[in-house]
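Chemist: Structure below; questions to follow.
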Amino acid sequence: MFCKSSIVKLLLLFLLSIAIDNTRCDSDYDEEDSTAAPVTEGEGEGVDARGHRPVNRQREPIPTLRPAPPPPSGGFRYRARPTKAPARGQAVKQIVYPDIGGCRHASEELGVLCPTGCELQTALVKQEKTVKPAIADLDKKIRDLERSSATFYEFANQLDQRLIKRQKQIRDNENVISEFNKEIEQHYVFIKDNLDSNMPSNLKILRSIVDTLHQKLQKLENVVTSQLDGCHAPCTVSCNIPVVSGKECEDIVRKGGETSELYLIQPDPIFKPYKVYCDMTTENGGWTLIQNRQDGSVGFGRTWDSYKKGFGNVAFSGGKNYCDTPGEYWLGNDRISQLTKIGPTEVLIELEDWNGDKVKANYGRFSVQGEANKYQLSVSNYKGTAGNALMEGASQLQGVNRTMTVHNGMFFSTFDRDNDRWTTDAKKQCAKEDAGGWWYNRCHSANPNGRYYWSGVYTPDMTKHGTDDGVVWMNFKGSWHSLKKVSMKIRPVFQQ
Ligand SMILES: [Ca+2]
């Protein structure tokens, strides 16, 4: 029972609700369209009244367009509406309209497409298939172009930076060049000022020095020329010769000759008389001067023949009317030998150094052999203060080294006639190395005819062969002091 009554109630309720629903729908339609024109029968049948309202041409005219008023030009105006930024976190849901290849759109909201829309969609879908790859390709090209543009942009930036650097470098270089130019200009000004101010004065000084030197050279040339002119003719003694003469100076003393001056002597009547200087004052006088050195005015590095005949200036006038002053000379080996052969002869050797100190060596016996015996020397009976060099050799040496400096008994040697005792080598010549003619052994303790050194002291560097070739008497001043004065005088031995 209950079931039948319940089913009937439900059925009644269902029918009641349907009736209510139909009544509300009609009411809603009427309220909305109450002012609309009544529907024309016939024309409106089957037409959706909600689309447009067709005109009944029999009852109403064709509506015309009402002219629209112009838009307001003044008054308040809104600005452009600001775009709303999408809310953060609220993703915009993109509506996707999938191509389903038909007329129905995927979205239910849009409803069913009309056939024309479907065709349009189909055409669009078809075109989309071809346009899509083109768009993709275009997109790819755009991306490539973007990358290329980025690369070009970067390259352009690099070029800009390089350009900036180069421009800075150019400016720096220009600054440096400018500085250099300034320095060069300053130096130029400095040099020019110096040239303008100093050089003329320096040139004047140099010019004056050159002129002075030139004048000195001119004077020197004149002196040399006059000296050469004097050398063309042998030196002549213009002073008066005393009337008194003799075999030698001792003979002249004994004949009344009292002054020391130039005399004529004739030891042997067979030979012609010759000039000689007689020392009539030293140790009672009567000395015949056979050798004299005092100023280096005569060279003693001469030949055998020159020493044989004699050379130099016997005497000259010291202001008086006779030749009172001896010159530098070597009387000659032949004459010396002849004088010593007359009878027993002594020799007085006087020495003076550059300090004025004087010493002497006297040999009570002195003889020189003839040329056939190579003018061999013989001395004995030494006494004096100079040291017995001729007989005992150099006091600085000992033994055989000293023995080979003894001159007694030696032959006479010149650079062109080697008679010395240095015989181990034919090329070794004392006369060459010691610069004079003398009774060389191997080689000397005394070298009175050596090279004259002004001021005395000399060194091996100043010599020709590195040897002590000066006017030397070793026992007095050693080897490296060339004496200022040396003289050798002979006199017959007689009972004082
Ligand atoms: Ca020799």
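Identifiers for the structure tokens are assigned positionally: chains receive A, B, ... in sequence, residues are indexed from 1 per chain, and ligands are indexed from 1 in the order shown.
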Please check which protein, DNA or RNA residues sit within 7 Å of ligand 1, counting only C-alpha atoms and all ligand atoms, and write them as a PyMOL selection string.
Modeler: chain A and resi 418-423+425-430
Chemist: For the selection just defined, write its residues with C-alpha atoms to a file, as a short mmCIF file (atom, residue, chain, number, x, y, z; two decimals), in the first residue's frame.
Modeler:
data_model
loop_
_atom_site.label_atom_id
_atom_site.label_comp_id
_atom_site.auth_asym_id
_atom_site.auth_seq_id
_atom_site.Cartn_x
_atom_site.Cartn_y
_atom_site.Cartn_z
CA ASP A 418 184.67 45.06 -32.30
CA ASN A 419 187.70 44.25 -30.18
CA ASP A 420 185.92 43.68 -26.87
CA ARG A 421 186.00 40.58 -24.68
CA TRP A 422 182.37 39.74 -25.37
CA THR A 423 183.34 37.11 -27.91
CA ASP A 425 178.55 35.87 -29.95
CA ALA A 426 179.91 37.87 -32.87
CA LYS A 427 176.79 40.03 -32.81
CA LYS A 428 177.45 41.20 -29.26
CA GLN A 429 179.22 44.54 -29.38
CA CYS A 430 179.84 46.65 -26.29
#
Chemist: Do a neighbour search on A:His444 at 12 Å with only C-alpha atoms, toss out local chain neighbours closer than 6 positions, and write the hits as JSON, numbers by chain.
Modeler: {"A": [389, 390, 391, 392, 393, 394, 395, 397, 401, 402, 403, 404, 405, 406, 407, 408, 410, 413, 420, 421, 422, 429, 430, 431, 433, 434, 435, 436, 437, 438, 450, 467, 468, 469, 470, 471, 472, 473, 474, 475, 478, 479]}
Chemist: Keeping N, CA and C atoms for every residue in the selection just given, could you write it to a file as a compact mmCIF listing (two decimals), in the first residue's frame?
Modeler:
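Output below, filename result-v4.txt:
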# COMPACT_ATOMS: atom_id res chain seq x y z
N ALA A 389 188.28 52.02 -11.12
CA ALA A 389 187.43 51.27 -12.05
C ALA A 389 188.26 50.62 -13.14
N LEU A 390 189.28 51.37 -13.67
CA LEU A 390 190.00 50.85 -14.84
C LEU A 390 190.78 49.58 -14.52
N MET A 391 191.25 49.47 -13.28
CA MET A 391 192.07 48.32 -12.93
C MET A 391 191.31 47.23 -12.18
N GLU A 392 190.33 47.64 -11.39
CA GLU A 392 189.66 46.66 -10.53
C GLU A 392 188.21 46.37 -10.91
N GLY A 393 187.67 47.14 -11.85
CA GLY A 393 186.28 46.92 -12.27
C GLY A 393 185.30 47.60 -11.33
N ALA A 394 184.03 47.32 -11.57
CA ALA A 394 182.96 47.98 -10.82
C ALA A 394 182.92 47.47 -9.40
N SER A 395 182.92 48.42 -8.45
CA SER A 395 182.91 48.06 -7.04
C SER A 395 181.59 47.40 -6.64
N LEU A 397 180.17 45.04 -8.23
CA LEU A 397 180.13 43.65 -8.68
C LEU A 397 181.21 42.83 -7.98
N ASN A 401 181.98 38.59 -12.57
CA ASN A 401 181.19 39.70 -13.08
C ASN A 401 181.95 41.02 -12.95
N ARG A 402 182.72 41.14 -11.89
CA ARG A 402 183.52 42.35 -11.71
C ARG A 402 184.73 42.33 -12.64
N THR A 403 185.31 41.14 -12.79
CA THR A 403 186.51 41.02 -13.63
C THR A 403 186.24 41.47 -15.06
N MET A 404 185.03 41.13 -15.53
CA MET A 404 184.73 41.47 -16.93
C MET A 404 184.42 42.96 -17.12
N THR A 405 184.53 43.74 -16.04
CA THR A 405 184.38 45.19 -16.18
C THR A 405 185.71 45.93 -16.03
N VAL A 406 186.79 45.17 -15.93
CA VAL A 406 188.12 45.79 -15.85
C VAL A 406 188.54 46.24 -17.25
N HIS A 407 189.11 47.46 -17.34
CA HIS A 407 189.47 48.01 -18.65
C HIS A 407 190.99 47.90 -18.93
N ASN A 408 191.76 47.77 -17.90
CA ASN A 408 193.20 47.68 -18.11
C ASN A 408 193.53 46.47 -18.98
N MET A 410 192.70 46.16 -22.11
CA MET A 410 191.72 45.94 -23.20
C MET A 410 192.13 46.64 -24.48
N SER A 413 187.66 49.64 -28.91
CA SER A 413 186.55 49.17 -29.77
C SER A 413 185.67 50.35 -30.16
N ASP A 420 186.20 43.88 -28.29
CA ASP A 420 185.92 43.68 -26.87
C ASP A 420 186.09 42.21 -26.48
N ARG A 421 185.85 41.95 -25.19
CA ARG A 421 186.00 40.58 -24.68
C ARG A 421 184.68 39.81 -24.68
N TRP A 422 183.67 40.41 -25.27
CA TRP A 422 182.37 39.74 -25.37
C TRP A 422 182.38 38.98 -26.69
N GLN A 429 178.23 43.48 -29.30
CA GLN A 429 179.22 44.54 -29.38
C GLN A 429 178.97 45.57 -28.29
N CYS A 430 179.98 45.68 -27.37
CA CYS A 430 179.84 46.65 -26.29
C CYS A 430 179.80 48.07 -26.83
N ALA A 431 180.58 48.35 -27.87
CA ALA A 431 180.64 49.72 -28.39
C ALA A 431 179.28 50.15 -28.93
N GLU A 433 176.26 48.85 -27.89
CA GLU A 433 175.28 48.94 -26.81
C GLU A 433 175.58 50.08 -25.85
N ASP A 434 176.87 50.45 -25.73
CA ASP A 434 177.23 51.48 -24.76
C ASP A 434 177.55 52.81 -25.43
N ALA A 435 177.38 52.88 -26.74
CA ALA A 435 177.30 54.13 -27.49
C ALA A 435 178.59 54.92 -27.60
N GLY A 436 179.77 54.32 -27.39
CA GLY A 436 181.00 55.10 -27.52
C GLY A 436 182.17 54.25 -28.03
N GLY A 437 183.33 54.93 -28.17
CA GLY A 437 184.56 54.22 -28.45
C GLY A 437 185.36 54.14 -27.15
N TRP A 438 185.81 52.93 -26.79
CA TRP A 438 186.44 52.78 -25.48
C TRP A 438 187.14 51.43 -25.40
N GLY A 450 180.52 57.66 -23.39
CA GLY A 450 179.13 57.23 -23.65
C GLY A 450 178.22 58.38 -24.05
N THR A 467 170.75 49.39 -22.10
CA THR A 467 171.98 49.25 -21.31
C THR A 467 172.42 50.61 -20.78
N ASP A 468 173.37 50.59 -19.81
CA ASP A 468 173.83 51.84 -19.20
C ASP A 468 174.86 52.48 -20.12
N ASP A 469 174.33 53.16 -21.13
CA ASP A 469 175.21 53.72 -22.16
C ASP A 469 175.57 55.19 -21.89
N GLY A 470 175.31 55.69 -20.67
CA GLY A 470 175.61 57.09 -20.35
C GLY A 470 177.08 57.31 -20.05
N VAL A 471 177.39 58.55 -19.68
CA VAL A 471 178.76 58.90 -19.28
C VAL A 471 178.93 58.40 -17.84
N VAL A 472 179.44 57.18 -17.73
CA VAL A 472 179.35 56.45 -16.47
C VAL A 472 180.73 56.20 -15.88
N TRP A 473 180.80 56.36 -14.57
CA TRP A 473 181.92 55.84 -13.77
C TRP A 473 181.25 55.15 -12.59
N MET A 474 181.09 53.83 -12.74
CA MET A 474 180.23 53.10 -11.81
C MET A 474 180.66 53.26 -10.35
N ASN A 475 181.97 53.30 -10.13
CA ASN A 475 182.46 53.37 -8.75
C ASN A 475 182.14 54.70 -8.09
N GLY A 478 177.44 54.94 -9.98
CA GLY A 478 176.66 53.81 -10.48
C GLY A 478 176.40 53.92 -11.98
N SER A 479 175.54 53.03 -12.45
CA SER A 479 175.32 52.92 -13.90
C SER A 479 174.31 53.93 -14.45
Chemist: Neighbours of A:Gly318 within 12 Å (only C-alpha atoms; same-chain residues fewer than 6 positions away dropped), as a list of chain:residue names?
Modeler: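 Here the answer would be A:Cys239, A:Ser260, A:Glu261, A:Leu262, A:Asp324, A:Thr325, A:Pro326, A:Gly327.
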Chemist: List every residue of stretch 206-444 of chain A that DSSP, applied to the backbone, labels as strand (DSSP E), and write the result as a PyMOL selection string.
Modeler: chain A and resi 261-265+274-279+287-293+311-312+315-316+325-326+329-330+345-352+358-368+377-384
Chemist: Based on the selection just made, write C-alpha atoms of those residues as a compact mmCIF listing (two decimals), in the first residue's frame.
Modeler:
# COMPACT_ATOMS: atom_id res chain seq x y z
CA GLU A 261 194.46 77.66 -23.16
CA LEU A 262 194.85 76.30 -26.65
CA TYR A 263 198.40 75.61 -27.75
CA LEU A 264 200.15 74.06 -30.68
CA ILE A 265 202.24 70.99 -29.84
CA TYR A 274 198.41 70.22 -33.89
CA LYS A 275 196.14 72.09 -31.50
CA VAL A 276 195.53 70.91 -28.02
CA TYR A 277 194.18 72.35 -24.78
CA CYS A 278 196.74 72.61 -21.98
CA ASP A 279 195.67 72.71 -18.35
CA TRP A 287 198.41 68.55 -18.52
CA THR A 288 197.61 67.76 -22.12
CA LEU A 289 193.85 67.32 -22.44
CA ILE A 290 193.11 64.19 -24.48
CA GLN A 291 189.36 63.88 -23.69
CA ASN A 292 186.69 66.26 -22.49
CA ARG A 293 182.92 66.06 -21.88
CA PHE A 311 187.23 64.84 -33.31
CA GLY A 312 185.39 67.68 -31.56
CA ALA A 315 188.91 75.13 -27.39
CA PHE A 316 187.11 78.43 -27.82
CA THR A 325 187.94 77.38 -22.58
CA PRO A 326 188.25 73.75 -23.68
CA TYR A 329 186.83 66.52 -28.01
CA TRP A 330 188.81 63.30 -28.35
CA THR A 345 203.03 59.13 -18.71
CA GLU A 346 200.39 59.61 -16.04
CA VAL A 347 196.71 60.29 -16.58
CA LEU A 348 194.35 62.39 -14.48
CA ILE A 349 190.66 61.61 -14.85
CA GLU A 350 188.39 64.25 -13.30
CA LEU A 351 184.69 63.60 -12.78
CA GLU A 352 181.76 65.84 -11.76
CA LYS A 358 183.82 66.18 -7.96
CA VAL A 359 186.15 63.17 -7.76
CA LYS A 360 189.26 62.12 -9.58
CA ALA A 361 191.28 59.07 -10.52
CA ASN A 362 195.02 59.31 -11.17
CA TYR A 363 197.04 56.53 -12.73
CA GLY A 364 200.76 57.01 -12.36
CA ARG A 365 201.33 54.97 -15.48
CA PHE A 366 199.25 55.29 -18.60
CA SER A 367 200.04 54.04 -22.09
CA VAL A 368 198.17 53.28 -25.29
CA LEU A 377 195.33 50.25 -22.77
CA SER A 378 197.70 49.96 -19.86
CA VAL A 379 197.20 51.73 -16.53
CA SER A 380 198.78 51.35 -13.10
CA ASN A 381 199.59 53.19 -9.87
CA TYR A 382 196.07 54.30 -9.08
CA LYS A 383 195.32 56.96 -6.57
CA GLY A 384 192.31 59.16 -6.18
Chemist: Would you give me, as a ChimeraX atom specification, the residues in stretch 199-409 of chain A that DSSP reads as alpha helix (DSSP H)?
Modeler: /A:199-232,249-254,304-309,333-342,389-392,399-403
Chemist: Kindly indicate which residue among A:Thr340, A:Ser297, A:Asn240, A:Thr225 lies nearest to A:Pro492, using only C-alpha atoms for the distances.
Modeler: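 Of all the options, A:Thr340 lies closest to A:Pro492.
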Chemist: What is the atom CA of A:Trp439-atom CA of A:Ser337 distance in Å, reported with one decimal?
Modeler: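 One can read the atom CA of A:Trp439 to atom CA of A:Ser337 distance as 13.4 Å.
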Chemist: Please, what distance in Å, to one decimal, runs between atom CA of A:Thr414 and atom CA of A:Ser306?
Modeler: 9.5 Å
Chemist: Between A:Thr259, A:Asn333, A:Ser445, A:Gln127, which is the closest to A:Asn284 once you count only C-alpha atoms?
Modeler: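 Between A:Thr259, A:Asn333, A:Ser445, A:Gln127, the residue approaching A:Asn284 most closely is A:Thr259.
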